[in-house]
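Here's protein25.tsv, which has TSV, C-alpha atoms:
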```
chain	number	residue	atom	x	y	z
A	1	LEU	CA	-26.64	38.64	-10.24
A	2	MET	CA	-24.54	38.51	-7.06
A	3	LYS	CA	-27.05	36.10	-5.46
A	4	ARG	CA	-26.83	33.79	-8.49
A	5	ILE	CA	-23.02	33.78	-8.34
A	6	LEU	CA	-23.03	33.00	-4.61
A	7	PHE	CA	-25.59	30.25	-5.15
A	8	PHE	CA	-23.47	28.79	-7.99
A	9	LEU	CA	-20.31	28.86	-5.85
A	10	ALA	CA	-22.12	27.21	-2.94
A	11	LEU	CA	-23.38	24.51	-5.30
A	12	VAL	CA	-19.84	23.92	-6.59
A	13	PHE	CA	-18.52	23.58	-3.04
A	14	ILE	CA	-21.29	21.13	-2.13
A	15	ILE	CA	-20.66	19.01	-5.22
A	16	SER	CA	-16.89	19.10	-4.64
A	17	GLY	CA	-17.38	18.13	-1.00
A	18	CYS	CA	-19.52	15.15	-1.94
A	19	LYS	CA	-16.94	14.05	-4.48
A	20	ASP	CA	-14.08	14.27	-1.96
A	21	LYS	CA	-15.96	12.07	0.49
A	22	GLY	CA	-15.41	9.12	-1.84
A	23	THR	CA	-11.62	9.46	-1.81
A	24	PHE	CA	-8.66	10.35	0.37
A	25	SER	CA	-5.26	11.68	-0.68
A	26	VAL	CA	-1.73	11.07	0.53
A	27	ASP	CA	1.01	13.61	-0.16
A	28	GLY	CA	4.41	12.51	1.00
A	29	VAL	CA	8.12	13.23	0.97
A	30	ILE	CA	10.92	10.69	1.31
A	31	ASN	CA	14.30	12.17	2.16
A	32	GLY	CA	17.43	10.66	0.62
A	33	GLU	CA	15.75	7.59	-0.88
A	34	THR	CA	17.04	5.79	-3.97
A	35	GLU	CA	13.84	3.81	-4.64
A	36	LYS	CA	11.88	4.88	-7.73
A	37	TYR	CA	8.36	3.92	-6.63
A	38	VAL	CA	6.32	3.75	-3.46
A	39	TYR	CA	3.30	1.42	-3.18
A	40	ILE	CA	0.02	1.46	-1.29
A	41	ASN	CA	-1.89	-1.70	-0.28
A	42	ARG	CA	-5.35	-2.01	1.20
A	43	VAL	CA	-5.35	-4.47	4.09
A	44	ASP	CA	-8.11	-7.01	3.46
A	45	VAL	CA	-8.47	-8.17	7.10
A	46	ASP	CA	-4.99	-9.75	7.20
A	47	THR	CA	-3.95	-9.77	3.51
A	48	PRO	CA	-2.38	-6.73	1.80
A	49	VAL	CA	-3.85	-6.06	-1.65
A	50	LEU	CA	-1.92	-3.74	-3.98
A	51	ILE	CA	-4.10	-0.89	-5.23
A	52	ASP	CA	-1.69	1.72	-6.58
A	53	SER	CA	1.90	2.91	-7.00
A	54	SER	CA	3.44	6.37	-7.24
A	55	LYS	CA	6.71	7.45	-8.82
A	56	ILE	CA	9.00	9.32	-6.47
A	57	SER	CA	10.07	12.69	-7.86
A	58	LYS	CA	13.64	13.99	-7.86
A	59	LYS	CA	12.80	15.98	-4.74
A	60	GLY	CA	11.44	12.87	-3.02
A	61	GLY	CA	7.76	13.69	-3.41
A	62	PHE	CA	4.92	11.30	-4.17
A	63	ARG	CA	1.12	11.41	-4.19
A	64	PHE	CA	-1.84	9.01	-4.00
A	65	LYS	CA	-5.53	9.59	-4.46
A	66	VAL	CA	-7.47	6.54	-3.33
A	67	LYS	CA	-11.15	5.71	-3.73
A	68	ALA	CA	-12.65	4.75	-0.37
A	69	SER	CA	-16.15	4.37	0.99
A	70	GLU	CA	-15.20	3.78	4.64
A	71	ALA	CA	-12.35	3.94	7.10
A	72	ASP	CA	-9.77	1.27	6.34
A	73	PHE	CA	-6.20	0.13	6.98
A	74	TYR	CA	-3.51	0.61	4.34
A	75	GLN	CA	0.18	-0.24	4.05
A	76	LEU	CA	2.37	2.43	2.47
A	77	GLY	CA	5.96	1.63	1.57
A	78	PHE	CA	8.51	-0.15	-0.61
A	79	SER	CA	8.03	-3.80	0.33
A	80	SER	CA	6.40	-6.22	2.77
A	81	LYS	CA	9.25	-5.49	5.20
A	82	ASP	CA	9.60	-1.73	4.80
A	83	PHE	CA	6.27	0.03	5.18
A	84	ILE	CA	4.03	1.95	7.57
A	85	THR	CA	0.38	1.34	8.36
A	86	ILE	CA	-2.15	4.14	8.01
A	87	LEU	CA	-5.81	4.26	8.97
A	88	ALA	CA	-7.44	6.48	6.35
A	89	GLU	CA	-10.99	7.76	6.04
A	90	PRO	CA	-12.80	9.23	3.01
A	91	GLY	CA	-12.22	12.97	2.71
A	92	GLU	CA	-8.88	13.02	4.51
A	93	LYS	CA	-5.86	14.83	3.08
A	94	ILE	CA	-2.93	13.03	4.62
A	95	LYS	CA	0.60	14.43	4.66
A	96	ILE	CA	3.58	12.19	5.46
A	97	VAL	CA	7.29	12.96	5.69
A	98	PHE	CA	9.78	10.08	6.01
A	99	LYS	CA	13.06	11.02	7.67
A	100	GLY	CA	14.72	7.73	8.61
A	101	LYS	CA	16.58	4.97	6.82
A	102	ASN	CA	13.66	2.62	7.44
A	103	LEU	CA	10.26	4.13	6.72
A	104	PHE	CA	8.59	3.00	9.97
A	105	GLU	CA	11.34	4.25	12.29
A	106	ASN	CA	11.13	8.00	11.76
A	107	TYR	CA	8.24	9.72	10.06
A	108	SER	CA	5.59	12.36	10.69
A	109	VAL	CA	1.95	12.15	9.68
A	110	SER	CA	-0.88	14.69	9.78
A	111	GLY	CA	-4.37	15.11	8.37
A	112	SER	CA	-5.54	11.69	9.57
A	113	ALA	CA	-6.52	11.10	13.19
A	114	GLY	CA	-6.55	7.33	12.73
A	115	SER	CA	-3.09	7.28	11.13
A	116	GLU	CA	-1.68	9.39	13.95
A	117	LYS	CA	-3.03	6.88	16.47
A	118	ILE	CA	-1.49	3.99	14.52
A	119	GLN	CA	1.87	5.80	14.55
A	120	ILE	CA	1.72	6.13	18.33
A	121	LEU	CA	1.17	2.38	18.65
A	122	ASP	CA	3.86	1.38	16.16
A	123	LEU	CA	6.55	3.70	17.53
A	124	ALA	CA	5.89	2.59	21.10
A	125	LEU	CA	6.22	-1.07	20.14
A	126	THR	CA	9.32	-0.40	18.02
A	127	ASP	CA	10.96	1.28	21.02
A	128	THR	CA	10.08	-1.65	23.29
A	129	LYS	CA	11.42	-4.18	20.79
A	130	ARG	CA	14.68	-2.26	20.53
A	131	LYS	CA	15.09	-2.37	24.30
A	132	LEU	CA	14.23	-6.07	24.41
A	133	ASP	CA	16.80	-6.83	21.71
A	134	SER	CA	19.43	-4.99	23.75
A	135	LEU	CA	18.57	-7.07	26.80
A	136	ILE	CA	18.81	-10.30	24.79
A	137	THR	CA	22.25	-9.27	23.50
A	138	ALA	CA	23.40	-8.40	27.02
A	139	TYR	CA	22.04	-11.70	28.35
A	140	LYS	CA	23.91	-13.75	25.74
A	141	LYS	CA	27.12	-11.86	26.43
A	142	ALA	CA	26.81	-12.22	30.22
A	143	SER	CA	25.94	-15.94	30.06
A	144	GLY	CA	29.61	-16.89	29.59
A	145	GLU	CA	31.02	-14.60	32.26
A	146	THR	CA	31.41	-14.71	36.01
A	147	GLY	CA	28.59	-13.18	38.03
A	148	PHE	CA	25.92	-14.45	35.62
A	149	ASP	CA	24.06	-16.05	38.52
A	150	VAL	CA	23.21	-12.50	39.65
A	151	GLN	CA	23.19	-10.61	36.35
A	152	GLY	CA	21.12	-13.23	34.49
A	153	PRO	CA	18.04	-13.06	36.75
A	154	ALA	CA	18.29	-9.25	36.81
A	155	LEU	CA	18.20	-9.12	33.01
A	156	GLU	CA	15.29	-11.58	32.94
A	157	ALA	CA	13.37	-9.41	35.41
A	158	GLU	CA	14.00	-6.31	33.30
A	159	TYR	CA	12.82	-8.19	30.20
A	160	GLY	CA	9.60	-9.22	31.92
A	161	LYS	CA	9.07	-5.68	33.18
A	162	LEU	CA	9.28	-4.28	29.63
A	163	ILE	CA	6.74	-6.86	28.39
A	164	LYS	CA	4.31	-5.88	31.15
A	165	GLU	CA	4.79	-2.17	30.51
A	166	GLN	CA	4.05	-2.63	26.80
A	167	ARG	CA	0.92	-4.61	27.64
A	168	LYS	CA	-0.20	-1.81	29.97
A	169	LYS	CA	0.35	0.78	27.21
A	170	ASN	CA	-1.80	-1.16	24.77
A	171	ILE	CA	-4.59	-1.57	27.30
A	172	GLU	CA	-4.55	2.16	28.06
A	173	PHE	CA	-4.62	2.89	24.34
A	174	ILE	CA	-7.66	0.64	23.83
A	175	ILE	CA	-9.57	2.24	26.70
A	176	ASN	CA	-8.76	5.76	25.45
A	177	ASN	CA	-9.54	5.00	21.79
A	178	ILE	CA	-12.43	2.57	22.15
A	179	ASN	CA	-14.39	4.13	19.25
A	180	SER	CA	-11.48	4.03	16.79
A	181	LEU	CA	-10.54	1.18	14.44
A	182	ALA	CA	-6.99	1.82	15.66
A	183	SER	CA	-7.92	-0.14	18.79
A	184	ILE	CA	-7.93	-3.28	16.59
A	185	LYS	CA	-4.25	-2.69	15.91
A	186	ALA	CA	-3.62	-2.48	19.65
A	187	LEU	CA	-5.31	-5.85	20.15
A	188	TYR	CA	-3.14	-7.69	17.65
A	189	GLN	CA	0.34	-6.20	18.04
A	190	ARG	CA	3.08	-8.78	18.67
A	191	ILE	CA	6.39	-8.72	20.49
A	192	ASP	CA	7.56	-11.48	18.12
A	193	PRO	CA	5.81	-13.87	15.70
A	194	GLU	CA	4.80	-16.12	18.60
A	195	THR	CA	3.95	-13.57	21.31
A	196	TYR	CA	1.08	-11.07	21.40
A	197	VAL	CA	1.42	-7.90	23.45
A	198	LEU	CA	-1.90	-8.80	25.08
A	199	TYR	CA	-0.88	-12.29	26.18
A	200	GLU	CA	-3.07	-12.89	29.24
A	201	GLN	CA	-6.11	-15.15	28.82
A	202	HIS	CA	-8.39	-12.58	30.44
A	203	ASP	CA	-7.26	-10.00	27.85
A	204	LEU	CA	-10.13	-11.41	25.80
A	205	GLN	CA	-12.28	-8.95	27.75
A	206	TYR	CA	-10.67	-6.10	25.80
A	207	LEU	CA	-11.50	-7.87	22.56
A	208	LYS	CA	-15.14	-7.97	23.69
A	209	ILE	CA	-15.10	-4.30	24.72
A	210	VAL	CA	-13.72	-3.24	21.33
A	211	ILE	CA	-16.28	-5.39	19.51
A	212	ASP	CA	-19.20	-3.86	21.43
A	213	SER	CA	-18.03	-0.34	20.60
A	214	LEU	CA	-16.94	-0.78	16.98
A	215	THR	CA	-20.01	-2.85	16.03
A	216	HIS	CA	-22.03	0.26	16.87
A	217	HIS	CA	-19.78	2.71	15.01
A	218	TYR	CA	-18.65	0.54	12.08
A	219	PRO	CA	-21.31	-2.19	11.66
A	220	ASN	CA	-20.33	-2.93	8.03
A	221	SER	CA	-16.56	-2.95	8.47
A	222	LYS	CA	-14.93	-6.22	7.38
A	223	HIS	CA	-12.34	-5.70	10.12
A	224	VAL	CA	-15.01	-5.54	12.81
A	225	GLN	CA	-16.78	-8.58	11.39
A	226	ALA	CA	-13.47	-10.48	11.40
A	227	LEU	CA	-12.98	-9.35	15.00
A	228	VAL	CA	-16.32	-10.90	15.98
A	229	ARG	CA	-15.40	-14.20	14.30
A	230	ASP	CA	-12.00	-14.23	16.01
A	231	PHE	CA	-13.59	-13.56	19.40
A	232	GLU	CA	-15.97	-16.50	18.97
A	233	LYS	CA	-13.05	-18.71	17.95
A	234	GLU	CA	-10.93	-17.63	20.94
A	235	MET	CA	-13.83	-18.15	23.35
A	236	ASN	CA	-14.47	-21.66	22.01
A	237	GLN	CA	-10.78	-22.50	22.40
A	238	MET	CA	-10.79	-21.15	25.95
A	239	TYR	CA	-13.86	-23.22	26.85
A	240	ALA	CA	-12.23	-26.31	25.33
A	241	VAL	CA	-9.05	-25.76	27.38
A	242	ARG	CA	-11.07	-25.22	30.56
A	243	LEU	CA	-13.15	-28.34	29.94
A	244	GLU	CA	-10.00	-30.36	29.32
A	245	GLN	CA	-8.47	-29.05	32.54
A	246	ILE	CA	-11.63	-29.81	34.53
A	247	THR	CA	-11.65	-33.33	33.10
A	248	LYS	CA	-8.01	-33.87	34.09
A	249	ASP	CA	-8.58	-32.58	37.62
A	250	MET	CA	-11.71	-34.67	38.26
A	251	PRO	CA	-11.24	-37.87	40.27
A	252	GLN	CA	-11.74	-41.03	38.28
A	253	THR	CA	-15.26	-42.40	38.61
A	254	LYS	CA	-16.43	-45.92	37.93
A	255	LEU	CA	-20.01	-46.58	36.86
A	256	ASP	CA	-21.09	-49.77	38.60
A	257	PRO	CA	-24.75	-49.71	39.71
A	258	ASP	CA	-25.76	-52.60	41.95
A	259	LEU	CA	-29.58	-52.73	41.97
A	260	LYS	CA	-32.38	-55.18	42.75
A	261	ASN	CA	-34.52	-56.77	40.06
A	262	ILE	CA	-38.27	-57.31	40.51
A	263	ALA	CA	-37.52	-60.55	42.38
A	264	GLY	CA	-35.39	-58.65	44.93
A	265	LYS	CA	-32.07	-60.09	43.67
A	266	ARG	CA	-29.15	-57.66	43.44
A	267	ILE	CA	-27.36	-57.53	40.09
A	268	ALA	CA	-24.24	-55.41	39.64
A	269	LEU	CA	-23.35	-54.03	36.24
A	270	SER	CA	-19.81	-55.31	36.73
A	271	SER	CA	-21.18	-58.87	36.93
A	272	LEU	CA	-21.80	-58.67	33.19
A	273	ARG	CA	-18.16	-57.91	32.39
A	274	GLY	CA	-16.99	-59.71	29.26
A	275	LYS	CA	-20.33	-59.32	27.47
A	276	TYR	CA	-21.65	-56.63	25.15
A	277	VAL	CA	-23.81	-54.56	27.51
A	278	LEU	CA	-26.36	-51.88	26.63
A	279	LEU	CA	-27.08	-49.64	29.64
A	280	THR	CA	-30.47	-47.90	29.35
A	281	PHE	CA	-32.71	-45.73	31.53
A	282	TRP	CA	-36.49	-45.72	31.27
A	283	SER	CA	-39.79	-44.72	32.83
A	284	VAL	CA	-43.24	-46.31	32.84
A	285	ARG	CA	-44.74	-42.86	32.18
A	286	SER	CA	-42.89	-42.45	28.87
A	287	LYS	CA	-44.61	-43.89	25.81
A	288	ASP	CA	-41.32	-43.63	23.91
A	289	CYS	CA	-39.63	-45.78	26.53
A	290	ILE	CA	-42.36	-48.43	26.33
A	291	GLU	CA	-42.08	-48.56	22.52
A	292	GLU	CA	-38.28	-48.74	22.75
A	293	ASN	CA	-38.48	-51.61	25.27
A	294	LEU	CA	-40.56	-53.67	22.84
A	295	GLN	CA	-37.88	-53.13	20.18
A	296	LEU	CA	-35.08	-53.94	22.62
A	297	LYS	CA	-36.80	-57.24	23.38
A	298	GLU	CA	-36.39	-58.22	19.73
A	299	PHE	CA	-32.70	-57.26	19.77
A	300	TYR	CA	-32.25	-59.28	22.97
A	301	LYS	CA	-33.80	-62.40	21.42
A	302	GLN	CA	-31.64	-62.06	18.34
A	303	TYR	CA	-28.25	-61.34	19.97
A	304	ASN	CA	-28.39	-62.65	23.55
A	305	LYS	CA	-26.85	-66.00	22.62
A	306	LYS	CA	-23.90	-64.06	21.11
A	307	GLY	CA	-23.13	-62.34	24.41
A	308	PHE	CA	-25.47	-59.34	24.28
A	309	GLU	CA	-27.11	-58.16	27.54
A	310	ILE	CA	-29.31	-55.22	28.51
A	311	TYR	CA	-28.92	-53.65	31.96
A	312	GLN	CA	-31.96	-51.43	32.39
A	313	ILE	CA	-32.42	-48.88	35.18
A	314	ASN	CA	-35.93	-47.63	35.99
A	315	LEU	CA	-36.43	-44.01	37.08
A	316	ASP	CA	-39.99	-44.18	38.45
A	317	GLU	CA	-40.80	-43.36	42.07
A	318	SER	CA	-43.42	-46.12	42.30
A	319	GLU	CA	-41.92	-49.58	42.71
A	320	THR	CA	-45.36	-51.14	42.08
A	321	ASP	CA	-45.73	-49.38	38.68
A	322	TRP	CA	-42.24	-50.51	37.71
A	323	LYS	CA	-42.80	-54.16	38.60
A	324	SER	CA	-46.20	-54.20	36.87
A	325	ALA	CA	-44.73	-52.78	33.64
A	326	VAL	CA	-41.84	-55.29	33.63
A	327	LYS	CA	-44.24	-58.18	34.04
A	328	PHE	CA	-46.77	-56.81	31.53
A	329	ASP	CA	-44.15	-56.28	28.79
A	330	GLU	CA	-42.32	-59.49	29.77
A	331	LEU	CA	-38.96	-57.75	30.11
```
For this file, write the structure as structure tokens.
Amino acid sequence: LMKRILFFLALVFIISGCKDKGTFSVDGVINGETEKYVYINRVDVDTPVLIDSSKISKKGGFRFKVKASEADFYQLGFSSKDFITILAEPGEKIKIVFKGKNLFENYSVSGSAGSEKIQILDLALTDTKRKLDSLITAYKKASGETGFDVQGPALEAEYGKLIKEQRKKNIEFIINNINSLASIKALYQRIDPETYVLYEQHDLQYLKIVIDSLTHHYPNSKHVQALVRDFEKEMNQMYAVRLEQITKDMPQTKLDPDLKNIAGKRIALSSLRGKYVLLTFWSVRSKDCIEENLQLKEFYKQYNKKGFEIYQINLDESETDWKSAVKFDEL
């Protein structure tokens, strides 16, 4: 009888464990809040999608139980401006306590390794932004006072130093958490709407590193797939910029061949200026070229009187073969 009971209990635990793997829970407390409901959104790549709401109890408590088949990003909060981001996985039992006036400024989270990593990123960036805002305020105040010629550059240098330090923190985070989806957050954090924390062009290498790792660990994740698409887009843009720069830096070249015809007379391409000129290249050894020449002859007969000319350059090594073909085809 005892063996049957133990077997039954083990079966219950196995079934319960399997069931829990399809969900995660969030138990939270909000201190001193007057809001009645808290909301949770699933982040669909870059679009929050509302999935549930929870009424806040008189003691500030709330609870969510969310169906999930894989690790994913969620926004938990009151609005699009007052929320925190969590990285939840099936089976996790997450506990959150909010202590500050704004949810994202002061909170604790446990029971979710990914969410704890996200908190580290967000708090570090929030602290940097606060310091940058203080420098901007000091800069504006000093701009109208004496001694700004010294104080201004000093404040600018301090501002740049903070930007570089934040970039270094994000890079270190990515390297240390290369197998976590949280590294995606580190790639896309911004100082302001126009400025990414990873702002250097060669920071694309970290995007590639994260892709290589996460594609192995999360091959079906929509966030990883979006990361791959974004990397391809960024690389194409970088190549386009480089090509444009190379083109600008190249010296201007003028195409003006000056070659002999079969009679030994030199004819420069520029001598045909003012006419409609088709420049072609051909070889006696190419059947396609021979067939094309016969067609070009017909075009020449039809349009030559209207100003159409063909300047044709032969690519064969044998001058005899070239001259024979010109004569044979009556070019």
Pick the closest to Lys59 (chain A) from A:Gln189, A:Thr47, A:Asn31, A:Ser221: which is it, counting only C-alpha atoms? A:Asn31
Quick one: everything within 8 Å of Lys275 (chain A), counting all atoms listed in the file, minus sequence neighbours fewer than 6 positions away in the same chain. Send it as a PyMOL selection string. chain A and resi 307-309
Among the residues A:Tyr74, A:Phe64, A:Phe173, A:Gln252, the one that comes closest to Pro48 (chain A) [using only C-alpha atoms]: A:Tyr74
Neighbouring residues of Leu181 (chain A) were defined as those with any atom within 9 Å, considering only C-alpha atoms; residues of the same chain fewer than 6 positions away were excluded. Please report them as a PyMOL selection string. chain A and resi 71-73+87+114+210+214+218+223-224
So which residues touch Val38 (chain A) within 6 Å, counting only C-alpha atoms, skipping near sequence neighbours fewer than 2 positions away, as a PDB file with C-alpha atoms, keeping the file's coordinate frame?
```
ATOM      1  CA  SER A  53       1.900   2.910  -7.000  1.00  0.00           C
ATOM      2  CA  SER A  54       3.440   6.370  -7.240  1.00  0.00           C
ATOM      3  CA  GLY A  77       5.960   1.630   1.570  1.00  0.00           C
ATOM      4  CA  PHE A  78       8.510  -0.150  -0.610  1.00  0.00           C
TER       5      PHE A  78
END
```
Minimum-distance residue to Phe328 (chain A), chosen among A:Leu315, A:Ile184, A:Ile290, A:Ile174 (using only C-alpha atoms):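 Under the stated criterion, the closest residue is A:Ile290.
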Using the structure just given, write a file holding N, CA, C and O atoms for region 65-86 of chain A, as an mmCIF file, in the first residue's frame.
```
data_model
loop_
_atom_site.group_PDB
_atom_site.id
_atom_site.type_symbol
_atom_site.label_atom_id
_atom_site.label_comp_id
_atom_site.auth_asym_id
_atom_site.auth_seq_id
_atom_site.Cartn_x
_atom_site.Cartn_y
_atom_site.Cartn_z
ATOM 1 N N LYS A 65 -0.775 34.850 -13.661
ATOM 2 C CA LYS A 65 -0.344 33.529 -14.105
ATOM 3 C C LYS A 65 -0.470 33.531 -15.621
ATOM 4 O O LYS A 65 -1.566 33.656 -16.161
ATOM 5 N N VAL A 66 0.657 33.412 -16.289
ATOM 6 C CA VAL A 66 0.711 33.630 -17.739
ATOM 7 C C VAL A 66 1.119 32.349 -18.465
ATOM 8 O O VAL A 66 2.096 31.699 -18.084
ATOM 9 N N LYS A 67 0.373 32.001 -19.506
ATOM 10 C CA LYS A 67 0.742 30.867 -20.345
ATOM 11 C C LYS A 67 1.950 31.254 -21.196
ATOM 12 O O LYS A 67 1.977 32.317 -21.814
ATOM 13 N N ALA A 68 2.937 30.381 -21.233
ATOM 14 C CA ALA A 68 4.149 30.670 -22.001
ATOM 15 C C ALA A 68 4.815 29.366 -22.421
ATOM 16 O O ALA A 68 4.929 28.439 -21.623
ATOM 17 N N SER A 69 5.264 29.329 -23.650
ATOM 18 C CA SER A 69 5.932 28.136 -24.168
ATOM 19 C C SER A 69 7.439 28.327 -24.284
ATOM 20 O O SER A 69 8.171 27.369 -24.524
ATOM 21 N N GLU A 70 7.901 29.573 -24.133
ATOM 22 C CA GLU A 70 9.330 29.873 -24.260
ATOM 23 C C GLU A 70 9.665 31.147 -23.506
ATOM 24 O O GLU A 70 8.775 31.881 -23.063
ATOM 25 N N ALA A 71 10.939 31.392 -23.336
ATOM 26 C CA ALA A 71 11.377 32.629 -22.694
ATOM 27 C C ALA A 71 10.951 33.821 -23.550
ATOM 28 O O ALA A 71 11.043 33.775 -24.776
ATOM 29 N N ASP A 72 10.475 34.878 -22.882
ATOM 30 C CA ASP A 72 9.983 36.031 -23.637
ATOM 31 C C ASP A 72 10.050 37.288 -22.784
ATOM 32 O O ASP A 72 10.145 37.231 -21.559
ATOM 33 N N PHE A 73 9.991 38.434 -23.470
ATOM 34 C CA PHE A 73 10.003 39.732 -22.788
ATOM 35 C C PHE A 73 8.567 40.188 -22.502
ATOM 36 O O PHE A 73 7.679 40.037 -23.347
ATOM 37 N N TYR A 74 8.384 40.780 -21.335
ATOM 38 C CA TYR A 74 7.078 41.302 -20.931
ATOM 39 C C TYR A 74 7.258 42.674 -20.294
ATOM 40 O O TYR A 74 8.306 42.974 -19.710
ATOM 41 N N GLN A 75 6.236 43.510 -20.428
ATOM 42 C CA GLN A 75 6.194 44.797 -19.747
ATOM 43 C C GLN A 75 5.135 44.725 -18.654
ATOM 44 O O GLN A 75 3.989 44.348 -18.919
ATOM 45 N N LEU A 76 5.523 45.092 -17.446
ATOM 46 C CA LEU A 76 4.626 45.031 -16.295
ATOM 47 C C LEU A 76 4.513 46.425 -15.698
ATOM 48 O O LEU A 76 5.516 47.017 -15.300
ATOM 49 N N GLY A 77 3.290 46.975 -15.655
ATOM 50 C CA GLY A 77 3.158 48.316 -15.107
ATOM 51 C C GLY A 77 1.784 48.916 -15.279
ATOM 52 O O GLY A 77 0.799 48.213 -15.503
ATOM 53 N N PHE A 78 1.739 50.254 -15.211
ATOM 54 C CA PHE A 78 0.461 50.986 -15.274
ATOM 55 C C PHE A 78 0.187 51.565 -16.659
ATOM 56 O O PHE A 78 -0.959 51.707 -17.064
ATOM 57 N N SER A 79 1.242 51.929 -17.377
ATOM 58 C CA SER A 79 1.063 52.590 -18.672
ATOM 59 C C SER A 79 2.308 52.394 -19.527
ATOM 60 O O SER A 79 3.277 51.748 -19.098
ATOM 61 N N SER A 80 2.292 52.973 -20.721
ATOM 62 C CA SER A 80 3.430 52.862 -21.627
ATOM 63 C C SER A 80 4.629 53.672 -21.147
ATOM 64 O O SER A 80 5.728 53.546 -21.689
ATOM 65 N N LYS A 81 4.426 54.509 -20.123
ATOM 66 C CA LYS A 81 5.514 55.324 -19.586
ATOM 67 C C LYS A 81 5.971 54.868 -18.207
ATOM 68 O O LYS A 81 7.056 55.238 -17.768
ATOM 69 N N ASP A 82 5.141 54.094 -17.530
ATOM 70 C CA ASP A 82 5.473 53.652 -16.173
ATOM 71 C C ASP A 82 5.368 52.133 -16.106
ATOM 72 O O ASP A 82 4.320 51.571 -15.804
ATOM 73 N N PHE A 83 6.477 51.467 -16.385
ATOM 74 C CA PHE A 83 6.490 50.009 -16.392
ATOM 75 C C PHE A 83 7.921 49.507 -16.214
ATOM 76 O O PHE A 83 8.879 50.279 -16.305
ATOM 77 N N ILE A 84 8.057 48.206 -15.954
ATOM 78 C CA ILE A 84 9.365 47.562 -15.963
ATOM 79 C C ILE A 84 9.323 46.439 -16.992
ATOM 80 O O ILE A 84 8.243 45.959 -17.365
ATOM 81 N N THR A 85 10.479 46.051 -17.452
ATOM 82 C CA THR A 85 10.582 44.925 -18.386
ATOM 83 C C THR A 85 11.066 43.706 -17.628
ATOM 84 O O THR A 85 12.000 43.795 -16.818
ATOM 85 N N ILE A 86 10.429 42.561 -17.861
ATOM 86 C CA ILE A 86 10.890 41.310 -17.277
ATOM 87 C C ILE A 86 11.141 40.316 -18.404
ATOM 88 O O ILE A 86 10.556 40.408 -19.477
#
```
